[in-house]
Amino acid sequence: MHRTNVRWCGRLSASARGLAATVALSLPLTLGGLTLATPGPALAAPVATQSIAAAGLDGVAAGNAAITSVDLSGTWSFTPAGRATTSITVPGGGWYKQGFTDVNEAVYSRSITVPDTGQPQSTWIEFGAVNHQATLSVDGRVVATQTTAFTPSNFDISSYAAPGTTHTISVQVKGRGALRSSDGKYLVPIAADWSEAIPQGIYRSASLRVYPAVYVSDAFVRTSVANRTLSYDVSVTNSSAATRTVTLTGSLASDGTGSFSYPQLPQQTVTVAARSTAKVTVGPVAWDLGTPSYWWPNVPYRPGYRAQLHRLAIHATVDDGRTSDATYRFGFRESTQNGEYYYLNGVRVNFRGDSLQGANYDRVNNGGKGDAYDTLPGFLPPSSGNGGWPQAVDNYQRLNYNVVRIHMEPASPYMLDVADEMGLMIIDETAIRSGSQDFVSGRNNMVAHARALTLRDRNHPAIIRWSQINEPSSNNNDTQQFQQDLYTAMNGNDGTRPISIDAGIGADSPSRYPAMTYPNFAIFAHYLDGVGRYGEALNRHTGRPDGEGEYIWPACSTKQGFTWFATATAAKRGKDASDLRPYTLLSAWASVVPGVRTTDFTPEEGGHPIYGVDNLPDPWSNPQIQRVQAAFNPVAAVDLPYWSASGNSDSNGTFPLPQAVPSYARNATVTRTITVFNDDFTDTSVGFTWTARLDSPTGAVVASGNTT
């Protein structure tokens, strides 16, 4: 039995954006009986492992208007409810990571001295994150109570602590276990309730910051590629007892290698009442710097790529002569939903990627379990022997994943900064999930969380879309009004991105929420082929983007399931899907986050991941990972029927299956229909070359051709 191997390569000249072309190959073969064996889409030449640390990444998004800052990290007094006082490290990953695994409520305390800046000032205690309810007191006097989830918690202590004085601050914190409704459901967004190691208490950071009495407290940069304009909203806070007039000026600079002739920014004057905040919009200003000034993702994959970013410096001059300065980083780009498709900078974009479930990595015992995003080396800056989060982003991109949904547990600011710099698109999802969360009694906390996440992250160009909730359909107190409230909280504080719901099992559609006809809103169903099964189904929503938000789980931690990442995605991709995210890569390849071993954690489905740093030292030589690279390649030529014939694979993840390889009689004319994909962002022309060889990929050439 002779074998022909048809090989092809797609080469992009620039961007057709998503629509697949088909090419029929007729191969008149007069040799003996033939078997077709197609290895899959051609890949770029292998790239040597690079040092991500050398890529010039700083992971810093913006300056801060504070005059001075005191780091409050270190040893604090810690009193769990009903227990004796002990000590704890702040932030230290929260209390669960430090061994307080059965604590639901506790009081933190320490002494502080407020710096005296020699001018009227505003003094704040700022925590990077508190899960979940924090009541801060100064010398026993209650300042405020805030209920948050995975986002900053900040307290103005100006009226309680004069400059140059020393005080005792205490923070009474209630974790998720102390915030339940009468039926036991959680009143706060808790992300993955199945993970015991979700961070609790104070974590991420703790600081005392001193600002001028009148200062720039926030800015939101809005860019329009369609209109070629830039505008920004500046919030000015006046903590003094008198009304103030503030003059705002701004300037632009490159954050990266690009050099541009930036437009001049107009001056604005705003009057801010005593002890209040006012917002003023500057612009729109014409932006005629061309496409090199735009933020583009690293598609197709280029090692060492750095996206173009910019910095907006804002200078505020108060009528008393005082000043305030702040800097904000942004990318000039526009993410839109238009009917059935998504667009980036006016070019159709198809999302192909992962849902990163941080709760799994929280289970890694790295000096205790919990808070992986802030303490596990693979999520941090590069360190000795570990490429850190920049290496993880490079792994995603080299795998040809162009998007990651940060699934339920919001990313750290550093993770988003690096995604901005390296050009990885992010779907930013709230920690709101069905099942164990109370959408009625906890409604205000849920909506406030959606708003807080939006306000924290909206200047990140990598965030291409918001996901307002995960799988709401399995919660019996979900309502259309609740979903509208979440949508309003996110869209109302941004308005520059599409919003979606990652829905539950089955073909959930917009008919579930008939009043939510917003043009930038979509729903993506999960597990259309059934849970843990191979399939090629795709949800179809007329006038809305098609795709599937989760599929394969819980088979993702088997070799057979890992092959489905490639075969099912290729099949669904061939049906013109706008968004495909097999769930979840960490169960197949745990060390996509550097340094993680297969034995380091138990994923939500149980068992262990297939591959980790302990058994996969060179992932790029692994045939399953190569198969996934091929299926996700932005410029690809795929014999879809051939892939589908081996789609279900076997327990070893074999591809192709021997019994699925077709045979041809002597003197037969062989016709194969090849689907050519162009998911790059430039041009509309793909050069297509094919070669048929006898017996093996290196055998005698029996036919060849090329087309465009």
# chains A, B, ... in the order shown; residues from 1 in each chain; ligands from 1

call {"tool": "residues_around", "arguments": {"residues": "segment 445-462 of chain A", "least_positions_apart": "6", "cutoff": "6 Å", "atoms": "only C-alpha atoms", "output": "PyMOL selection string"}}
result
chain A and resi 188+330-331+419-420+425-426+486+489-490

call {"tool": "write_last_selection", "arguments": {"atoms": "C-alpha atoms", "output": "mmCIF file, in the first residue's frame"}}
result
data_model
loop_
_atom_site.group_PDB
_atom_site.id
_atom_site.type_symbol
_atom_site.label_atom_id
_atom_site.label_comp_id
_atom_site.auth_asym_id
_atom_site.auth_seq_id
_atom_site.Cartn_x
_atom_site.Cartn_y
_atom_site.Cartn_z
ATOM 1 C CA VAL A 188 -20.586 38.369 47.470
ATOM 2 C CA PHE A 330 -3.211 53.326 27.081
ATOM 3 C CA GLY A 331 -3.303 51.729 23.663
ATOM 4 C CA ALA A 419 -0.874 41.443 28.334
ATOM 5 C CA ASP A 420 -0.994 45.073 27.184
ATOM 6 C CA MET A 425 -6.187 39.908 24.041
ATOM 7 C CA ILE A 426 -8.113 39.464 27.309
ATOM 8 C CA LEU A 486 -24.725 44.037 35.503
ATOM 9 C CA ALA A 489 -22.703 48.711 35.613
ATOM 10 C CA MET A 490 -20.068 47.686 33.078
#

call {"tool": "select_by_dssp", "arguments": {"residues": "segment 116-273 of chain A", "states": "strand (DSSP E)", "output": "count of residues only"}}
result
89

call {"tool": "residues_around", "arguments": {"residues": "Arg275 of chain A", "least_positions_apart": "3", "cutoff": "10 Å", "atoms": "only C-alpha atoms", "output": "list in words"}}
result
Ala213, Val214, Thr237, Asn238, Ser239, Ser240, Ala241, Ala242, Thr243 and Val272 of chain A

call {"tool": "residues_around", "arguments": {"residues": "Pro641 of chain A", "least_positions_apart": "2", "cutoff": "10 Å", "atoms": "only C-alpha atoms", "output": "number ranges by chain"}}
result
A: 571, 638-639, 643-647, 672-675

call {"tool": "closest_atom_pairs", "arguments": {"of": "segment 654-698 of chain A", "to": "segment 557-565 of chain A", "cutoff": "12 Å", "atoms": "only C-alpha atoms", "output": "tab-separated table"}}
result
residue	atom	partner	partner_atom	distance
A:Thr654	CA	A:Gln560	CA	7.5
A:Phe655	CA	A:Thr563	CA	7.8
A:Pro656	CA	A:Thr563	CA	10.3
A:Leu657	CA	A:Thr563	CA	11.6

call {"tool": "write_last_selection", "arguments": {"atoms": "N, CA, C and O atoms", "output": "compact mmCIF listing (two decimals), in the first residue's frame"}}
result
# COMPACT_ATOMS: atom_id res chain seq x y z
N THR A 654 -4.45 9.73 19.72
CA THR A 654 -3.82 9.47 18.43
C THR A 654 -4.42 10.33 17.32
O THR A 654 -5.63 10.49 17.22
N PHE A 655 -3.55 10.86 16.47
CA PHE A 655 -3.98 11.57 15.26
C PHE A 655 -2.90 11.39 14.20
O PHE A 655 -1.73 11.66 14.47
N PRO A 656 -3.29 10.91 12.97
CA PRO A 656 -4.63 10.46 12.61
C PRO A 656 -4.87 9.03 13.09
O PRO A 656 -3.92 8.28 13.34
N LEU A 657 -6.13 8.65 13.19
CA LEU A 657 -6.45 7.26 13.49
C LEU A 657 -6.19 6.43 12.24
O LEU A 657 -6.60 6.81 11.14

call {"tool": "closest_residue", "arguments": {"among": "A:Asp546, A:Asp362, A:Glu334, A:Asp502", "to": "Thr223 of chain A", "atoms": "only C-alpha atoms"}}
result
A:Glu334

call {"tool": "residues_around", "arguments": {"residues": "Arg465 of chain A", "least_positions_apart": "5", "cutoff": "10 Å", "atoms": "only C-alpha atoms", "output": "ChimeraX atom specification"}}
result
/A:335-337,342,405,425-429,496-500,520-521

call {"tool": "write_last_selection", "arguments": {"atoms": "all heavy atoms", "output": "short mmCIF file (atom, residue, chain, number, x, y, z; two decimals), in the first residue's frame"}}
result
data_model
loop_
_atom_site.label_atom_id
_atom_site.label_comp_id
_atom_site.auth_asym_id
_atom_site.auth_seq_id
_atom_site.Cartn_x
_atom_site.Cartn_y
_atom_site.Cartn_z
N SER A 335 -12.36 48.22 19.92
CA SER A 335 -12.96 46.89 19.90
C SER A 335 -14.46 47.03 19.77
O SER A 335 -15.11 47.69 20.60
CB SER A 335 -12.61 46.15 21.20
OG SER A 335 -13.27 44.91 21.27
N THR A 336 -15.04 46.41 18.74
CA THR A 336 -16.46 46.59 18.47
C THR A 336 -17.13 45.26 18.11
O THR A 336 -16.46 44.29 17.71
CB THR A 336 -16.70 47.58 17.31
OG1 THR A 336 -16.00 47.12 16.15
CG2 THR A 336 -16.23 48.97 17.67
N GLN A 337 -18.41 45.23 18.28
CA GLN A 337 -19.26 44.13 17.82
C GLN A 337 -20.20 44.70 16.77
O GLN A 337 -20.92 45.66 17.04
CB GLN A 337 -20.05 43.55 18.99
CG GLN A 337 -21.05 42.46 18.60
CD GLN A 337 -21.83 41.96 19.82
OE1 GLN A 337 -21.31 41.89 20.93
NE2 GLN A 337 -23.09 41.62 19.62
N TYR A 342 -17.01 40.28 15.49
CA TYR A 342 -16.24 41.23 16.27
C TYR A 342 -15.17 41.86 15.38
O TYR A 342 -14.69 41.24 14.42
CB TYR A 342 -15.56 40.54 17.45
CG TYR A 342 -16.51 40.09 18.54
CD1 TYR A 342 -16.75 38.73 18.76
CD2 TYR A 342 -17.16 41.02 19.35
CE1 TYR A 342 -17.62 38.32 19.76
CE2 TYR A 342 -18.04 40.62 20.34
CZ TYR A 342 -18.26 39.27 20.55
OH TYR A 342 -19.12 38.86 21.53
N ARG A 405 -9.75 34.30 28.37
CA ARG A 405 -10.76 34.78 29.31
C ARG A 405 -10.21 34.55 30.72
O ARG A 405 -9.96 33.41 31.10
CB ARG A 405 -12.09 34.03 29.12
CG ARG A 405 -13.13 34.38 30.19
CD ARG A 405 -14.49 33.74 29.94
NE ARG A 405 -14.48 32.29 30.02
CZ ARG A 405 -15.40 31.55 30.66
NH1 ARG A 405 -16.39 32.13 31.32
NH2 ARG A 405 -15.32 30.24 30.65
N MET A 425 -4.83 39.42 23.80
CA MET A 425 -6.19 39.91 24.04
C MET A 425 -6.80 39.19 25.25
O MET A 425 -6.59 38.00 25.46
CB MET A 425 -7.05 39.72 22.80
CG MET A 425 -6.58 40.56 21.61
SD MET A 425 -7.66 40.50 20.16
CE MET A 425 -7.33 38.84 19.56
N ILE A 426 -7.55 39.95 26.05
CA ILE A 426 -8.11 39.46 27.31
C ILE A 426 -9.62 39.69 27.33
O ILE A 426 -10.10 40.77 26.97
CB ILE A 426 -7.48 40.19 28.51
CG1 ILE A 426 -5.98 39.93 28.60
CG2 ILE A 426 -8.19 39.81 29.82
CD1 ILE A 426 -5.60 38.51 28.95
N ILE A 427 -10.37 38.66 27.73
CA ILE A 427 -11.78 38.81 28.10
C ILE A 427 -11.81 38.90 29.61
O ILE A 427 -11.44 37.95 30.31
CB ILE A 427 -12.63 37.64 27.59
CG1 ILE A 427 -12.58 37.55 26.07
CG2 ILE A 427 -14.08 37.79 28.06
CD1 ILE A 427 -13.23 36.31 25.49
N ASP A 428 -12.20 40.04 30.13
CA ASP A 428 -12.17 40.32 31.57
C ASP A 428 -13.51 39.93 32.17
O ASP A 428 -14.54 40.55 31.87
CB ASP A 428 -11.88 41.80 31.78
CG ASP A 428 -11.31 42.12 33.14
OD1 ASP A 428 -11.19 41.20 33.97
OD2 ASP A 428 -10.99 43.30 33.39
N GLU A 429 -13.50 38.92 33.03
CA GLU A 429 -14.75 38.38 33.57
C GLU A 429 -14.88 38.70 35.06
O GLU A 429 -13.91 38.67 35.81
CB GLU A 429 -14.78 36.86 33.38
CG GLU A 429 -16.09 36.20 33.78
CD GLU A 429 -16.17 34.78 33.27
OE1 GLU A 429 -15.50 33.90 33.85
OE2 GLU A 429 -16.89 34.56 32.28
N THR A 496 -16.93 51.38 25.68
CA THR A 496 -16.03 51.29 24.52
C THR A 496 -15.78 49.85 24.09
O THR A 496 -15.00 49.63 23.16
CB THR A 496 -14.68 51.95 24.81
OG1 THR A 496 -13.96 51.16 25.79
CG2 THR A 496 -14.85 53.36 25.32
N ARG A 497 -16.41 48.87 24.74
CA ARG A 497 -16.15 47.46 24.45
C ARG A 497 -17.45 46.69 24.37
O ARG A 497 -18.42 47.03 25.03
CB ARG A 497 -15.30 46.82 25.54
CG ARG A 497 -13.90 47.36 25.72
CD ARG A 497 -13.30 46.79 26.99
NE ARG A 497 -11.89 47.12 27.17
CZ ARG A 497 -11.45 48.23 27.74
NH1 ARG A 497 -12.31 49.13 28.18
NH2 ARG A 497 -10.15 48.44 27.87
N PRO A 498 -17.44 45.56 23.64
CA PRO A 498 -18.57 44.63 23.72
C PRO A 498 -18.65 43.98 25.10
O PRO A 498 -17.67 43.95 25.86
CB PRO A 498 -18.26 43.59 22.64
CG PRO A 498 -17.27 44.24 21.74
CD PRO A 498 -16.47 45.16 22.62
N ILE A 499 -19.80 43.43 25.41
CA ILE A 499 -20.06 42.73 26.67
C ILE A 499 -20.73 41.41 26.34
O ILE A 499 -21.54 41.33 25.41
CB ILE A 499 -20.95 43.57 27.60
CG1 ILE A 499 -20.24 44.88 27.97
CG2 ILE A 499 -21.32 42.80 28.86
CD1 ILE A 499 -21.08 45.83 28.80
N SER A 500 -20.40 40.37 27.08
CA SER A 500 -21.00 39.07 26.80
C SER A 500 -21.29 38.33 28.09
O SER A 500 -20.85 38.72 29.17
CB SER A 500 -20.08 38.23 25.90
OG SER A 500 -18.83 38.00 26.54
N ASN A 520 -24.02 45.71 21.37
CA ASN A 520 -22.67 45.26 21.77
C ASN A 520 -22.74 44.10 22.76
O ASN A 520 -21.80 43.87 23.52
CB ASN A 520 -21.88 46.42 22.38
CG ASN A 520 -22.47 46.90 23.71
OD1 ASN A 520 -23.62 46.63 24.02
ND2 ASN A 520 -21.67 47.63 24.48
N PHE A 521 -23.83 43.34 22.74
CA PHE A 521 -24.05 42.27 23.72
C PHE A 521 -24.23 40.93 23.01
O PHE A 521 -24.85 40.85 21.95
CB PHE A 521 -25.30 42.59 24.54
CG PHE A 521 -25.70 41.51 25.51
CD1 PHE A 521 -24.98 41.29 26.67
CD2 PHE A 521 -26.80 40.69 25.25
CE1 PHE A 521 -25.35 40.29 27.56
CE2 PHE A 521 -27.17 39.70 26.13
CZ PHE A 521 -26.44 39.49 27.29
#

call {"tool": "residues_around", "arguments": {"residues": "segment 104-120 of chain A", "least_positions_apart": "4", "cutoff": "8 Å", "atoms": "only C-alpha atoms", "output": "ChimeraX atom specification"}}
result
/A:67-68,76-81,161-178,208,210,212-213,240

call {"tool": "write_last_selection", "arguments": {"atoms": "C-alpha atoms", "output": "PDB file, in the first residue's frame"}}
result
ATOM      1  CA  ILE A  67       2.925  62.888  46.882  1.00  0.00           C
ATOM      2  CA  THR A  68       4.318  60.118  49.047  1.00  0.00           C
ATOM      3  CA  TRP A  76       0.302  42.895  61.562  1.00  0.00           C
ATOM      4  CA  SER A  77      -1.591  41.860  64.674  1.00  0.00           C
ATOM      5  CA  PHE A  78      -4.271  39.319  63.748  1.00  0.00           C
ATOM      6  CA  THR A  79      -7.280  38.252  65.816  1.00  0.00           C
ATOM      7  CA  PRO A  80      -9.556  35.615  64.279  1.00  0.00           C
ATOM      8  CA  ALA A  81     -13.108  35.781  65.635  1.00  0.00           C
ATOM      9  CA  ALA A 161      -5.292  61.178  61.279  1.00  0.00           C
ATOM     10  CA  ALA A 162      -3.546  64.538  61.058  1.00  0.00           C
ATOM     11  CA  PRO A 163      -0.175  64.918  59.322  1.00  0.00           C
ATOM     12  CA  GLY A 164       2.742  63.924  61.521  1.00  0.00           C
ATOM     13  CA  THR A 165       0.632  61.935  64.022  1.00  0.00           C
ATOM     14  CA  THR A 166       0.749  58.257  64.982  1.00  0.00           C
ATOM     15  CA  HIS A 167      -2.334  56.039  65.227  1.00  0.00           C
ATOM     16  CA  THR A 168      -3.550  52.481  65.477  1.00  0.00           C
ATOM     17  CA  ILE A 169      -5.572  51.302  62.516  1.00  0.00           C
ATOM     18  CA  SER A 170      -7.682  48.162  62.622  1.00  0.00           C
ATOM     19  CA  VAL A 171      -9.497  46.382  59.835  1.00  0.00           C
ATOM     20  CA  GLN A 172     -12.319  43.981  60.638  1.00  0.00           C
ATOM     21  CA  VAL A 173     -12.584  41.630  57.669  1.00  0.00           C
ATOM     22  CA  LYS A 174     -15.348  39.178  56.870  1.00  0.00           C
ATOM     23  CA  GLY A 175     -14.488  36.453  54.379  1.00  0.00           C
ATOM     24  CA  ARG A 176     -16.921  34.632  52.159  1.00  0.00           C
ATOM     25  CA  GLY A 177     -17.942  32.220  54.900  1.00  0.00           C
ATOM     26  CA  ALA A 178     -19.234  35.111  57.033  1.00  0.00           C
ATOM     27  CA  LEU A 208      -0.659  54.549  53.163  1.00  0.00           C
ATOM     28  CA  VAL A 210      -0.780  60.955  50.791  1.00  0.00           C
ATOM     29  CA  PRO A 212      -2.496  66.858  47.613  1.00  0.00           C
ATOM     30  CA  ALA A 213      -5.709  68.356  48.978  1.00  0.00           C
ATOM     31  CA  SER A 240     -10.514  70.787  51.108  1.00  0.00           C
TER      32      SER A 240
END
